[in-house]
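Undergrad: The structure file input-v4.cif (mmCIF, C-alpha atoms) is provided below.
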data_final
#
loop_
_atom_site.group_PDB
_atom_site.id
_atom_site.type_symbol
_atom_site.label_atom_id
_atom_site.label_comp_id
_atom_site.auth_asym_id
_atom_site.auth_seq_id
_atom_site.Cartn_x
_atom_site.Cartn_y
_atom_site.Cartn_z
ATOM 1 C CA MET A 1 29.802 107.132 9.434
ATOM 2 C CA ASP A 2 30.187 103.373 9.414
ATOM 3 C CA ASN A 3 29.543 102.009 12.903
ATOM 4 C CA ASN A 4 31.673 98.912 12.290
ATOM 5 C CA LYS A 5 33.545 98.050 15.492
ATOM 6 C CA SER A 6 36.842 97.251 13.782
ATOM 7 C CA ILE A 7 36.833 100.579 11.902
ATOM 8 C CA LEU A 8 36.064 102.466 15.132
ATOM 9 C CA ARG A 9 38.776 100.539 17.006
ATOM 10 C CA ASP A 10 41.379 101.296 14.327
ATOM 11 C CA ARG A 11 40.477 104.986 14.285
ATOM 12 C CA ALA A 12 40.769 105.283 18.075
ATOM 13 C CA LYS A 13 44.103 103.447 18.116
ATOM 14 C CA LYS A 14 45.492 105.779 15.420
ATOM 15 C CA LEU A 15 44.294 108.900 17.232
ATOM 16 C CA ARG A 16 45.846 107.753 20.505
ATOM 17 C CA ALA A 17 49.102 106.719 18.827
ATOM 18 C CA GLY A 18 49.335 110.082 17.042
ATOM 19 C CA MET A 19 49.109 112.135 20.228
ATOM 20 C CA PRO A 20 52.389 113.891 21.126
ATOM 21 C CA LEU A 21 53.803 112.696 24.487
ATOM 22 C CA GLN A 22 53.467 116.115 26.140
ATOM 23 C CA GLU A 23 49.810 116.385 25.098
ATOM 24 C CA LYS A 24 49.167 112.825 26.327
ATOM 25 C CA HIS A 25 50.737 113.613 29.686
ATOM 26 C CA GLU A 26 48.665 116.795 30.054
ATOM 27 C CA LYS A 27 45.451 114.942 29.212
ATOM 28 C CA ASP A 28 46.378 112.083 31.563
ATOM 29 C CA MET A 29 46.811 114.569 34.411
ATOM 30 C CA LEU A 30 43.457 116.212 33.616
ATOM 31 C CA ILE A 31 41.740 112.797 33.656
ATOM 32 C CA TYR A 32 43.447 111.955 36.960
ATOM 33 C CA ASN A 33 42.324 115.282 38.472
ATOM 34 C CA ASN A 34 38.771 114.787 37.150
ATOM 35 C CA ILE A 35 38.621 111.353 38.792
ATOM 36 C CA LEU A 36 39.736 112.821 42.119
ATOM 37 C CA ALA A 37 37.358 115.800 41.793
ATOM 38 C CA SER A 38 34.398 113.544 40.938
ATOM 39 C CA GLY A 39 34.239 112.215 44.509
ATOM 40 C CA ILE A 40 33.587 108.656 43.319
ATOM 41 C CA LEU A 41 36.472 107.304 45.382
ATOM 42 C CA GLY A 42 35.196 108.813 48.621
ATOM 43 C CA ALA A 43 32.847 106.147 49.930
ATOM 44 C CA THR A 44 34.349 103.028 48.410
ATOM 45 C CA LYS A 45 36.902 100.834 50.111
ATOM 46 C CA GLN A 46 37.724 98.621 47.117
ATOM 47 C CA VAL A 47 39.152 99.803 43.790
ATOM 48 C CA TYR A 48 39.557 97.472 40.825
ATOM 49 C CA ILE A 49 41.708 99.151 38.195
ATOM 50 C CA TYR A 50 43.442 98.170 34.990
ATOM 51 C CA VAL A 51 47.127 98.952 34.605
ATOM 52 C CA SER A 52 47.455 101.215 31.588
ATOM 53 C CA TYR A 53 49.583 100.026 28.721
ATOM 54 C CA GLY A 54 50.800 101.634 25.527
ATOM 55 C CA THR A 55 48.675 104.588 24.455
ATOM 56 C CA GLU A 56 45.853 104.056 26.974
ATOM 57 C CA ALA A 57 44.910 106.863 29.344
ATOM 58 C CA ASP A 58 47.445 106.504 32.152
ATOM 59 C CA THR A 59 46.214 104.856 35.349
ATOM 60 C CA THR A 60 49.573 104.592 37.120
ATOM 61 C CA PHE A 61 49.211 108.004 38.792
ATOM 62 C CA LEU A 62 45.935 106.910 40.330
ATOM 63 C CA ILE A 63 47.178 103.449 41.328
ATOM 64 C CA GLU A 64 50.243 104.943 43.028
ATOM 65 C CA LYS A 65 48.130 107.519 44.885
ATOM 66 C CA LEU A 66 45.682 104.862 46.093
ATOM 67 C CA LEU A 67 48.513 102.629 47.265
ATOM 68 C CA GLN A 68 50.221 105.521 49.077
ATOM 69 C CA GLN A 69 47.024 106.605 50.840
ATOM 70 C CA GLN A 70 46.309 103.075 52.059
ATOM 71 C CA GLN A 71 42.597 103.919 52.352
ATOM 72 C CA HIS A 72 41.499 101.516 49.634
ATOM 73 C CA MET A 73 42.112 97.904 48.764
ATOM 74 C CA VAL A 74 43.623 98.074 45.241
ATOM 75 C CA ALA A 75 43.229 95.136 42.866
ATOM 76 C CA VAL A 76 44.393 94.810 39.269
ATOM 77 C CA PRO A 77 43.555 92.215 36.607
ATOM 78 C CA ARG A 78 45.492 89.152 35.576
ATOM 79 C CA VAL A 79 44.511 87.159 32.497
ATOM 80 C CA ASN A 80 44.440 83.373 32.578
ATOM 81 C CA GLY A 81 43.403 81.927 29.228
ATOM 82 C CA LYS A 82 40.025 83.393 28.288
ATOM 83 C CA GLU A 83 39.276 84.621 31.799
ATOM 84 C CA MET A 84 40.451 87.534 33.901
ATOM 85 C CA ASP A 85 40.543 87.862 37.681
ATOM 86 C CA PHE A 86 41.540 90.664 40.012
ATOM 87 C CA TYR A 87 44.316 90.375 42.585
ATOM 88 C CA ARG A 88 45.084 92.705 45.435
ATOM 89 C CA ILE A 89 48.396 94.542 45.167
ATOM 90 C CA ARG A 90 50.270 96.499 47.821
ATOM 91 C CA GLU A 91 52.882 98.178 45.609
ATOM 92 C CA MET A 92 53.687 98.692 41.945
ATOM 93 C CA ALA A 93 56.601 96.253 42.329
ATOM 94 C CA ASP A 94 53.961 93.485 42.587
ATOM 95 C CA LEU A 95 53.445 93.874 38.812
ATOM 96 C CA LYS A 96 55.372 92.152 36.028
ATOM 97 C CA PRO A 97 54.711 91.964 32.264
ATOM 98 C CA GLY A 98 52.032 89.362 31.605
ATOM 99 C CA PHE A 99 49.342 88.874 28.954
ATOM 100 C CA ASN A 100 50.352 90.824 25.805
ATOM 101 C CA GLY A 101 53.108 92.489 27.860
ATOM 102 C CA ILE A 102 50.587 94.250 30.094
ATOM 103 C CA PRO A 103 51.729 94.600 33.737
ATOM 104 C CA GLU A 104 49.927 92.043 35.907
ATOM 105 C CA PRO A 105 50.200 90.964 39.551
ATOM 106 C CA VAL A 106 52.530 88.017 40.025
ATOM 107 C CA THR A 107 51.408 87.511 43.608
ATOM 108 C CA GLY A 108 48.574 88.851 45.708
ATOM 109 C CA GLN A 109 45.236 87.813 47.075
ATOM 110 C CA LEU A 110 42.632 86.672 44.527
ATOM 111 C CA ILE A 111 39.458 88.721 44.950
ATOM 112 C CA THR A 112 36.423 86.460 44.735
ATOM 113 C CA LYS A 113 33.696 88.982 45.648
ATOM 114 C CA CYS A 114 33.951 92.302 43.845
ATOM 115 C CA ASN A 115 32.319 95.251 45.609
ATOM 116 C CA GLY A 116 33.476 98.763 44.838
ATOM 117 C CA ILE A 117 34.624 100.794 41.868
ATOM 118 C CA MET A 118 36.003 99.208 38.730
ATOM 119 C CA PHE A 119 37.982 101.300 36.265
ATOM 120 C CA MET A 120 37.710 99.710 32.850
ATOM 121 C CA PRO A 121 39.553 100.421 29.617
ATOM 122 C CA GLY A 122 38.082 100.773 26.159
ATOM 123 C CA LEU A 123 38.770 102.123 22.718
ATOM 124 C CA VAL A 124 35.495 103.821 21.756
ATOM 125 C CA PHE A 125 32.480 105.016 23.745
ATOM 126 C CA ASP A 126 29.256 106.817 23.014
ATOM 127 C CA LYS A 127 27.401 109.301 25.189
ATOM 128 C CA ASN A 128 24.888 106.596 26.182
ATOM 129 C CA HIS A 129 27.804 104.644 27.730
ATOM 130 C CA GLY A 130 28.131 102.215 24.852
ATOM 131 C CA ARG A 131 31.634 100.725 24.864
ATOM 132 C CA ILE A 132 33.906 99.039 22.375
ATOM 133 C CA GLY A 133 36.822 97.314 24.044
ATOM 134 C CA TYR A 134 39.753 95.541 22.481
ATOM 135 C CA GLY A 135 37.679 92.579 21.331
ATOM 136 C CA GLY A 136 38.755 89.983 23.891
ATOM 137 C CA GLY A 137 35.594 90.245 26.006
ATOM 138 C CA TYR A 138 37.510 89.939 29.296
ATOM 139 C CA TYR A 139 35.607 92.686 31.128
ATOM 140 C CA ASP A 140 32.217 91.575 29.773
ATOM 141 C CA ARG A 141 32.860 87.985 30.910
ATOM 142 C CA TYR A 142 34.225 89.075 34.294
ATOM 143 C CA LEU A 143 31.300 91.391 34.966
ATOM 144 C CA SER A 144 28.815 88.724 33.851
ATOM 145 C CA ARG A 145 30.383 86.274 36.317
ATOM 146 C CA HIS A 146 30.069 88.937 39.033
ATOM 147 C CA LYS A 147 26.641 90.307 38.099
ATOM 148 C CA ASP A 148 25.427 89.969 41.695
ATOM 149 C CA ASP A 149 28.372 91.944 43.076
ATOM 150 C CA ASN A 150 28.070 95.671 43.741
ATOM 151 C CA ILE A 151 30.360 97.170 41.074
ATOM 152 C CA PHE A 152 30.290 100.801 39.941
ATOM 153 C CA LYS A 153 31.919 100.779 36.510
ATOM 154 C CA VAL A 154 34.044 103.769 35.451
ATOM 155 C CA ALA A 155 35.565 104.019 31.984
ATOM 156 C CA ILE A 156 38.608 106.239 31.486
ATOM 157 C CA ALA A 157 39.305 107.639 28.028
ATOM 158 C CA TYR A 158 40.406 110.664 26.078
ATOM 159 C CA ASP A 159 37.548 112.860 24.941
ATOM 160 C CA PHE A 160 38.173 112.056 21.266
ATOM 161 C CA GLN A 161 37.354 108.411 22.073
ATOM 162 C CA VAL A 162 33.754 109.416 22.883
ATOM 163 C CA LEU A 163 31.576 109.585 19.779
ATOM 164 C CA GLU A 164 29.789 112.927 19.364
ATOM 165 C CA THR A 165 26.526 111.783 17.804
ATOM 166 C CA GLU A 166 26.904 108.164 16.725
ATOM 167 C CA LYS A 167 25.639 105.313 18.847
ATOM 168 C CA ILE A 168 27.540 102.074 19.332
ATOM 169 C CA ILE A 169 25.498 99.028 18.472
ATOM 170 C CA MET A 170 25.676 96.946 21.629
ATOM 171 C CA GLU A 171 25.395 93.173 21.706
ATOM 172 C CA THR A 172 23.495 91.379 24.470
ATOM 173 C CA HIS A 173 26.698 90.360 26.297
ATOM 174 C CA ASP A 174 28.208 93.883 26.195
ATOM 175 C CA ILE A 175 28.301 95.637 29.556
ATOM 176 C CA LYS A 176 28.244 99.425 29.732
ATOM 177 C CA PRO A 177 30.200 101.563 32.184
ATOM 178 C CA ASP A 178 28.136 103.636 34.615
ATOM 179 C CA ILE A 179 30.213 106.732 33.854
ATOM 180 C CA ILE A 180 32.940 107.758 31.400
ATOM 181 C CA ILE A 181 35.577 110.223 32.615
ATOM 182 C CA THR A 182 37.743 112.103 30.123
ATOM 183 C CA GLU A 183 40.060 115.081 30.338
ATOM 184 C CA LYS A 184 37.139 117.362 29.382
ATOM 185 C CA ALA A 185 33.988 115.882 30.864
ATOM 186 C CA SER A 186 32.108 113.082 32.542
ATOM 187 C CA TYR A 187 29.423 111.312 30.554
#
Output the file's structure in the form of structure tokens.
TA:
Amino acid sequence: MDNNKSILRDRAKKLRAGMPLQEKHEKDMLIYNNILASGILGATKQVYIYVSYGTEADTTFLIEKLLQQQQHMVAVPRVNGKEMDFYRIREMADLKPGFNGIPEPVTGQLITKCNGIMFMPGLVFDKNHGRIGYGGGYYDRYLSRHKDDNIFKVAIAYDFQVLETEKIIMETHDIKPDIIITEKASY
């Protein structure tokens, strides 16, 4: 199989787009339950999480639960030019369509020191935690800027987004997640 990033991205996008809504919802709930069952949220006080958009694995269930529990500081990304920063939110109403129509915080406290768990999106992963994102490099740049912060990186994806045997060719600036959680497994 050709390990070209654009081919892998296109394939993942088509597979996600072709998933029936009921199947997507069932897989989203399994991912959500696997995140809760993993125990990774237990010790952390700060959660940095992307707001799912389009065919991405749904994060809104998790964001709403974290906000309701009020045990964690919840921050979501906002894009400004080529950079991305995280802002604390207190409710889903703090979000409005922003970059590419993705819900972003319109207000909230800018987080300058990132310590906790970061949920990151992606299109394709391998079992060695290689990651292909959307091509904008926002997470790689953000994590490089915060390399001295204590960030445990969690990727959320559907199992078909994790390559069985192929390895993603990583570039020097690419940053891998520490764990990948799908509806079927954790890698």
Undergrad: Could you check the closest approach to Ala185 of chain A for each of A:Met118, A:Val79, A:Ala157, A:Leu67 and tell me which residue wins, using only C-alpha atoms?
TA: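 Residue with the minimum atom-to-atom distance to Ala185 of chain A: A:Ala157.
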Undergrad: If you count all atoms listed in the file, which residues fall within 10 Å of Thr60 of chain A, apart from same-chain ones fewer than 5 positions away, as a list of chain:residue names?
TA: A:Asp28, A:Tyr32, A:Ile49, A:Tyr50, A:Val51, A:Ser52, A:Tyr53, A:Lys65, A:Leu66, A:Met92
Undergrad: Between atom CA of Asp174 of chain A and atom CA of Gln46 of chain A, what is the spacing in Å?
TA: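 Going from atom CA of Gln46 of chain A over to atom CA of Asp174 of chain A covers 23.5 Å.
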Undergrad: Give me, as a VMD selection string, all polymer residues having an atom no more than 12 Å from His173 of chain A, counting only C-alpha atoms and skipping those fewer than 6 positions away in the same chain.
TA: chain A and resid 131 to 132 137 to 145 147
Undergrad: Calculated over only C-alpha atoms, which of the candidates A:Ile156, A:Ile111, A:Met170, A:Ala12 has the smallest distance to Asn128 of chain A?
TA: A:Met170
Undergrad: Report, in Å to a single decimal, how far apart atom CA of Leu8 of chain A and atom CA of Phe125 of chain A are.
TA: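 These two atoms are separated by 9.7 Å.
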Undergrad: Nearest to Lys14 of chain A among A:Glu56, A:Glu26, A:Asp126, A:Asp94, with distances taken over only C-alpha atoms: which residue is it?
TA: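 Of A:Glu56, A:Glu26, A:Asp126, A:Asp94, the one nearest Lys14 of chain A is A:Glu56, counting only C-alpha atoms.
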Undergrad: One decimal, in Å: what's the spacing between atom CA of Val76 of chain A and atom CA of Ile180 of chain A?
TA: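 About the pair atom CA of Val76 of chain A and atom CA of Ile180 of chain A: they are 19.0 Å apart.
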Undergrad: When you look at Ile151 of chain A with a cut-off of 7 Å (counting all atoms listed in the file), what residues show up, excluding the ones that are within fewer than 4 positions of it in the same chain? I need them as a PyMOL selection string.
TA: chain A and resi 114-118
Undergrad: Which residues match the PyMOL selection byres ((chain A and resi 10) around 12) in the file above, as a ChimeraX atom specification?
TA: /A:3-9,11-17,123-124,132-135,161
Undergrad: Since I can't run it myself right now, could you work out what the PyMOL selection byres ((chain A and resi 100) around 12) selects here and report it as a count of residues only?
TA: 15
